[in-house]
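K.L.:
Once you've had a glance at the structure underneath, I'll fire off some questions.
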Amino acid sequence: MAWRVTMAMLAAILIVPSVLQATAQSNAGLPLDPGLGINTIPLWSGQIPGAKGTPNRPPTLTVFRPFAVNGTAVIVAPGGGYQFLMSNQEGRQIADWFAARGVIAFVLGYRLGPKNLFPIPLEDAQRAIRLVRSDAARYHIDPNRIGIIGFSAGGHLAATAGTLFDAGDPAASDPVDRVSDRPDFMILGYAWLNAMEPNNNGKITYCSVLKTVSEADCKKFEKAYTPALHVSAKTPPTFIYATTDDKLVPVVQASVGFYDALVAAGVTAEMHLFAHGPHGSGLGLGYPTLDLWPVLLERWLHELGFLPPAVLPRGP
């Protein structure tokens with residue numbers, strides 16, 4: 001069966017964030033059960049770099065702790081076209097999947113929208129990796145097993161973080177900035193990897209979605225933030241999942257091009273392209289074919305040593 005993204009489906013996707021926001025506001029007075037192992041922490045405890053006044057949504061990490069841990073951590077970057085965050089479908093559900101396998105997951109609430117243009121979202125992703133690595137001991141994490149997974153725009157963000165990184169500044173006053181922001185593995189789901197490239201086929205681009213970007217910046221962003229242009233031998237191992245008939249993100253210009261760059265650089269890479277499937281499918285939406293990709297991902301993580309046996313917590 002072939003699936004098509006209709007205007008009604010796109011409208012529903014755009015409506016979801018407002019509905020979730022209203023629900024969250026109505027339940028704002030209800031604290032989370034501590035037994036759920038979920039809490040939210042700020043990316044910065046003080047002044048937020050690059051913030052113009054008080055941001056509508058300060059950048060955060062929502063922590064999903066597994067019952068038994070295996071020492072691996074993952075940053076989860078939801079998509080949403082850099083306009084909103086699909087924090088349920090491409091955030092919470094993904095975090096739960098990892099937590100069930102002993103991986104502590106951190107859902108990234110990064111800054112976006114016309115007032116938070118690049119490189120601000122990238123700075124949030126880089127800060128998230130540094131913050132988790134700097135707190136590795138407290139979370140019982142191996143600092144060499146911290147990955148990032150992103151979907152759609154979050155996939156572009158993850159791939160940008162995975163190709164533009166540094167070892168940290170040992171002289172920084174903030175201890176978080178002293179550690180590396182390189183992820184140890186990347187997972188990209190129907191990633192919008194060509195977001196910064198010119199619009200040649202009627203597809204959306206970063207500049208067409210965020211209309212406040214100047215023409216000069218659009219040209220600059222094309223070279224600065226197209227991940228395939230920055231792949232090197234140090235780019236972390238990467239797993240890619242996409243569908244051939246994705247109506248929003250063309251596979252050839254995005255995932256295939258990035259995969260080719262990884263292989264040319266000698267980076268460990270695995271890509272799975274399914275013939276049919278809607279953009280925004282998350283873990284698979286219950287479609288039997290698409291539901292296979294998390295199974296393939298789990299095998300890949302096992303092969304690379306990122307899913308060792310989890311250790312049960314000590315009794316009282």
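Scheme for the structure tokens: letters A, B, ... for chains in order shown; per-chain residue numbers from 1; ligand numbers from 1 in order shown.
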Return as CSV the residues of range 180-249 of chain A lying at most 10 Å from range 291-305 of chain A, together with the closest atom-to-atom pair for each and the distance in Å to one decimal, counting only C-alpha atoms, with rows in chain order and ascending residue number.

P.N.:
residue,atom,partner,partner_atom,distance
A:Phe185,CA,A:Leu301,CA,9.1
A:Ile187,CA,A:Leu297,CA,8.4
A:Gly189,CA,A:Trp293,CA,9.6
A:Pro237,CA,A:Leu304,CA,8.8
A:Thr238,CA,A:Trp300,CA,9.7
A:Phe239,CA,A:Leu297,CA,7.3
A:Ile240,CA,A:Leu297,CA,9.0
A:Tyr241,CA,A:Trp293,CA,7.1
A:Ala242,CA,A:Trp293,CA,9.3

K.L.:
List the spatial neighbours of Ser45 in chain A as a PyMOL selection string - criterion: any atom at most 12 Å away, only C-alpha atoms, same-chain residues fewer than 2 positions off excluded.

P.N.:
chain A and resi 41-43+47-49+58-60+127+131+174+176

K.L.:
Would you compute the distance between CA of Val263 in chain A and CA of Thr235 in chain A? Give it in Å to one decimal.

P.N.:
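That distance, rounded to one decimal, is 10.7 Å.
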
K.L.:
Could you tell me which of A:Phe118, A:Gly168, A:Leu188, A:Gly109 comes closest to His272 in chain A if we count only C-alpha atoms?

P.N.:
A:Leu188

K.L.:
Could you tell me how far CA of Tyr206 in chain A sits from CA of Gly113 in chain A, in Å to one decimal place?

P.N.:
10.5 Å

K.L.:
Do you have the CA of Ala265 in chain A-CA of Asn199 in chain A distance handy?

P.N.:
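Between these atoms lies a distance of 26.8 Å.
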
K.L.:
As a PyMOL selection string, list the residues of range 9-169 of chain A assigned to alpha helix (DSSP H) by DSSP on the backbone atoms of this structure.

P.N.:
chain A and resi 9-26+93-99+120-134+136-139+153-161

K.L.:
Contacts of Phe221 in chain A at 8 Å or less, counting only C-alpha atoms, minus same-chain residues fewer than 4 places along, as a list in words?

P.N.:
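The neighbour list is Phe118, Met196, Asp217, Tyr225 and Thr226 of chain A.
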
K.L.:
Name the residues of range 115-290 of chain A that come out as strand (DSSP E or B) in a backbone DSSP run; write them as a list in words.

P.N.:
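DSSP-assigned strand (DSSP E or B) residues in range 115-290 of chain A: Ile146, Gly147, Ile148, Ile149, Gly150, Phe151, Met186, Ile187, Leu188, Gly189, Thr238, Phe239, Ile240, Tyr241, Ala242, Thr243, Ala269, Glu270, Met271, His272, Leu273 and Phe274 of chain A.
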
K.L.:
For the residues in that selection, give me N, CA and C atoms as a compact mmCIF listing (two decimals), in the first residue's frame.

P.N.:
# COMPACT_ATOMS: atom_id res chain seq x y z
N ILE A 146 27.71 8.00 24.24
CA ILE A 146 26.64 9.00 24.22
C ILE A 146 26.31 9.32 22.77
N GLY A 147 25.11 8.96 22.35
CA GLY A 147 24.71 9.16 20.96
C GLY A 147 23.64 10.21 20.81
N ILE A 148 23.23 10.41 19.57
CA ILE A 148 22.16 11.36 19.27
C ILE A 148 21.27 10.76 18.19
N ILE A 149 19.96 10.92 18.34
CA ILE A 149 18.99 10.48 17.35
C ILE A 149 18.08 11.64 17.02
N GLY A 150 17.79 11.82 15.73
CA GLY A 150 16.92 12.92 15.34
C GLY A 150 16.04 12.53 14.17
N PHE A 151 14.88 13.19 14.10
CA PHE A 151 13.90 12.90 13.06
C PHE A 151 13.58 14.19 12.31
N MET A 186 25.24 8.16 15.72
CA MET A 186 24.13 8.96 15.22
C MET A 186 23.06 8.05 14.63
N ILE A 187 21.81 8.43 14.85
CA ILE A 187 20.68 7.72 14.26
C ILE A 187 19.78 8.78 13.62
N LEU A 188 19.53 8.62 12.33
CA LEU A 188 18.79 9.64 11.58
C LEU A 188 17.53 9.03 10.96
N GLY A 189 16.38 9.53 11.37
CA GLY A 189 15.10 9.06 10.84
C GLY A 189 14.52 10.08 9.88
N THR A 238 26.93 5.83 11.92
CA THR A 238 25.61 6.39 11.64
C THR A 238 24.65 5.34 11.09
N PHE A 239 23.43 5.39 11.61
CA PHE A 239 22.32 4.54 11.15
C PHE A 239 21.28 5.46 10.54
N ILE A 240 20.84 5.14 9.31
CA ILE A 240 19.88 5.99 8.59
C ILE A 240 18.64 5.18 8.22
N TYR A 241 17.48 5.79 8.45
CA TYR A 241 16.20 5.17 8.06
C TYR A 241 15.38 6.22 7.31
N ALA A 242 14.82 5.82 6.17
CA ALA A 242 13.98 6.74 5.40
C ALA A 242 13.05 5.93 4.50
N THR A 243 12.12 6.61 3.83
CA THR A 243 11.22 5.95 2.90
C THR A 243 11.35 6.61 1.53
N ALA A 269 28.60 2.97 8.49
CA ALA A 269 27.28 3.49 8.17
C ALA A 269 26.37 2.37 7.72
N GLU A 270 25.11 2.48 8.08
CA GLU A 270 24.09 1.53 7.64
C GLU A 270 22.84 2.32 7.29
N MET A 271 22.24 2.01 6.15
CA MET A 271 21.06 2.73 5.71
C MET A 271 19.97 1.75 5.29
N HIS A 272 18.73 2.04 5.70
CA HIS A 272 17.58 1.23 5.32
C HIS A 272 16.54 2.13 4.68
N LEU A 273 16.23 1.88 3.41
CA LEU A 273 15.22 2.63 2.68
C LEU A 273 14.02 1.72 2.44
N PHE A 274 12.88 2.13 2.91
CA PHE A 274 11.65 1.39 2.69
C PHE A 274 10.90 2.03 1.52

K.L.:
Please report, as JSON lines, each residue of range 154-176 of chain A lying at most 8 Å from range 77-89 of chain A, together with the nearest pair of atoms and the separation in Å rounded to one decimal; use only C-alpha atoms, and order rows by chain and ascending residue number.

P.N.:
{"residue": "A:Gly154", "atom": "CA", "partner": "A:Gly79", "partner_atom": "CA", "distance": 4.3}
{"residue": "A:Gly155", "atom": "CA", "partner": "A:Ala77", "partner_atom": "CA", "distance": 7.1}
{"residue": "A:Leu157", "atom": "CA", "partner": "A:Ala77", "partner_atom": "CA", "distance": 7.4}
{"residue": "A:Ala158", "atom": "CA", "partner": "A:Ala77", "partner_atom": "CA", "distance": 6.9}
